[in-house]
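A.B. asks: I have a structure I would like to understand better, so I am pasting it below and will then ask my questions one at a time.
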Amino acid sequence: MSIAEYFSEIKSALILSPAVKSYSVEDELVKEFEGFLRVRAVLLNGDILEIFVYATFDKELQVQKYRFHWQDINGKLKKRWDNAPHHRELPTFPYHMHDTKGVFKHEFIDIFRILKIIEGELQVN
């Protein structure tokens with residue numbers, strides 16, 4: 001799968017998700033061997049989901065960096081999943097999740113699983 005195809009799948013998932021009211025592509029760059037996508041999605045309840053994915057391609061697609069930041073309508077953090085190289089104390093370094101109680105270990109996650117989590121928490125299907 002190419003980077004352009006992967007980014008297209010992300011946009012399709014946002015369109016098809018019952019939890020997403022609308023979204024806008026804030027920035028996108030697609031080259032042959034690397035690219036990034038930055039999206040702002042408005043959820044049905046007014047919450048915001050900020051999406052950032054940086055991917056490379058060398059025989060196969062690799063997501064190098066990601067950040068999925070979910071906040072409520074007032075801008076308060078609900079959850080953020082990312083792989084920024086901090087929190088070396090966590091066994092899943094660099095993968096982790098932030099919420100209102102702190103920072104926790106978390107395995108690699110992609111936007112498709114994030115949307116399913118949000119759909120479950122908002123109880124939409």
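Here, A, B, ... name the chains of the structure tokens in the order displayed, residue numbers run from 1 inside each chain, and ligands are numbered from 1 in the same displayed order.
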Just want the 10 Å neighbourhood of region 16-26 of chain A, counted on only C-alpha atoms, with same-chain residues fewer than 2 positions away dropped. Output as a short mmCIF file (atom, residue, chain, number, x, y, z; two decimals) with N, CA and C atoms, in the first residue's frame.

C.D. replies:
```cif
data_model
loop_
_atom_site.label_atom_id
_atom_site.label_comp_id
_atom_site.auth_asym_id
_atom_site.auth_seq_id
_atom_site.Cartn_x
_atom_site.Cartn_y
_atom_site.Cartn_z
N ILE A 10 -7.60 6.50 5.51
CA ILE A 10 -7.89 7.25 6.73
C ILE A 10 -9.07 8.18 6.50
N LYS A 11 -9.04 8.93 5.41
CA LYS A 11 -10.12 9.87 5.11
C LYS A 11 -11.44 9.13 4.91
N SER A 12 -11.40 7.98 4.25
CA SER A 12 -12.62 7.18 4.06
C SER A 12 -13.17 6.70 5.40
N ALA A 13 -12.29 6.28 6.31
CA ALA A 13 -12.74 5.83 7.63
C ALA A 13 -13.41 6.96 8.39
N LEU A 14 -12.90 8.18 8.24
CA LEU A 14 -13.52 9.34 8.90
C LEU A 14 -14.90 9.62 8.33
N GLU A 28 -1.28 18.23 4.46
CA GLU A 28 -0.99 16.92 3.89
C GLU A 28 0.16 17.05 2.91
N LEU A 37 0.04 13.50 7.31
CA LEU A 37 -1.36 13.92 7.23
C LEU A 37 -1.75 14.49 8.58
N ARG A 38 -2.34 15.68 8.56
CA ARG A 38 -2.84 16.32 9.77
C ARG A 38 -4.32 16.64 9.54
N VAL A 39 -5.18 16.11 10.41
CA VAL A 39 -6.62 16.24 10.26
C VAL A 39 -7.24 16.70 11.58
N ARG A 40 -8.29 17.48 11.46
CA ARG A 40 -9.10 17.89 12.62
C ARG A 40 -10.51 17.39 12.37
N ALA A 41 -10.98 16.51 13.25
CA ALA A 41 -12.32 15.96 13.10
C ALA A 41 -13.20 16.45 14.24
N VAL A 42 -14.43 16.81 13.90
CA VAL A 42 -15.44 17.18 14.89
C VAL A 42 -16.32 15.96 15.09
N LEU A 43 -16.46 15.54 16.35
CA LEU A 43 -17.26 14.37 16.66
C LEU A 43 -18.71 14.77 16.88
N LEU A 44 -19.59 13.78 16.88
CA LEU A 44 -21.03 14.05 16.99
C LEU A 44 -21.41 14.85 18.22
N ASN A 45 -20.68 14.67 19.32
CA ASN A 45 -21.00 15.38 20.56
C ASN A 45 -20.27 16.72 20.68
N GLY A 46 -19.56 17.13 19.63
CA GLY A 46 -18.84 18.39 19.65
C GLY A 46 -17.37 18.26 20.03
N ASP A 47 -16.96 17.08 20.53
CA ASP A 47 -15.56 16.85 20.85
C ASP A 47 -14.72 16.99 19.58
N ILE A 48 -13.42 17.18 19.78
CA ILE A 48 -12.47 17.32 18.67
C ILE A 48 -11.47 16.18 18.72
N LEU A 49 -11.15 15.63 17.56
CA LEU A 49 -10.08 14.63 17.43
C LEU A 49 -9.06 15.19 16.47
N GLU A 50 -7.85 15.46 16.99
CA GLU A 50 -6.73 15.92 16.16
C GLU A 50 -5.91 14.69 15.78
N ILE A 51 -5.63 14.57 14.50
CA ILE A 51 -4.92 13.39 13.98
C ILE A 51 -3.65 13.85 13.29
N PHE A 52 -2.54 13.19 13.61
CA PHE A 52 -1.29 13.42 12.90
C PHE A 52 -0.64 12.06 12.65
N PHE A 112 -7.76 3.68 12.82
CA PHE A 112 -8.92 2.81 12.64
C PHE A 112 -9.39 2.26 14.00
N LEU A 115 -10.92 5.18 16.11
CA LEU A 115 -12.32 5.46 15.76
C LEU A 115 -13.25 4.46 16.40
N LYS A 116 -12.86 3.19 16.45
CA LYS A 116 -13.71 2.18 17.10
C LYS A 116 -13.84 2.45 18.59
N ILE A 117 -12.75 2.87 19.23
CA ILE A 117 -12.79 3.21 20.66
C ILE A 117 -13.75 4.37 20.89
N ILE A 118 -13.62 5.41 20.08
CA ILE A 118 -14.48 6.58 20.23
C ILE A 118 -15.94 6.22 19.95
N GLU A 119 -16.19 5.44 18.91
CA GLU A 119 -17.56 5.01 18.61
C GLU A 119 -18.15 4.28 19.81
N GLY A 120 -17.36 3.43 20.45
CA GLY A 120 -17.84 2.70 21.62
C GLY A 120 -18.13 3.62 22.79
N GLU A 121 -17.24 4.58 23.03
CA GLU A 121 -17.44 5.49 24.15
C GLU A 121 -18.60 6.46 23.91
N LEU A 122 -18.82 6.84 22.64
CA LEU A 122 -19.95 7.71 22.33
C LEU A 122 -21.23 6.91 22.08
N GLN A 123 -21.10 5.59 22.10
CA GLN A 123 -22.22 4.67 21.89
C GLN A 123 -22.95 4.92 20.58
N VAL A 124 -22.17 4.98 19.51
CA VAL A 124 -22.74 5.09 18.17
C VAL A 124 -22.29 3.88 17.37
N ASN A 125 -23.09 3.49 16.40
CA ASN A 125 -22.69 2.35 15.54
C ASN A 125 -23.32 2.43 14.21
#
```

A.B. asks: Under the rule that only C-alpha atoms are counted, which of A:Lys79, A:Lys65, A:Lys31, A:Lys59 is the nearest residue to Thr100 (chain A)?

C.D. replies: A:Lys79

A.B. asks: Between CA of Phe104 (chain A) and CA of Tyr54 (chain A), what distance in Å does the model show, to one decimal?

C.D. replies: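 Straight-line distance from CA of Phe104 (chain A) to CA of Tyr54 (chain A) works out to 22.3 Å.
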
A.B. asks: For Asp82 (chain A), which residue among A:Ile111, A:Met97, A:Leu61, A:Leu29 is the nearest when counting only C-alpha atoms?

C.D. replies: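 Using only C-alpha atoms, Asp82 (chain A) sits closest to A:Met97.
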
A.B. asks: Under the rule that only C-alpha atoms are counted, which of A:Glu89, A:Ser2, A:Tyr66, A:Gln71 is the nearest residue to Ile109 (chain A)?

C.D. replies: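 The closest residue to Ile109 (chain A) is A:Tyr66.
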
A.B. asks: Just the residues within 10 Å of Phe93 (chain A), please, counting only C-alpha atoms, with nothing from its chain fewer than 5 positions along; format it as a PyMOL selection string.

C.D. replies: chain A and resi 83-88+105-108
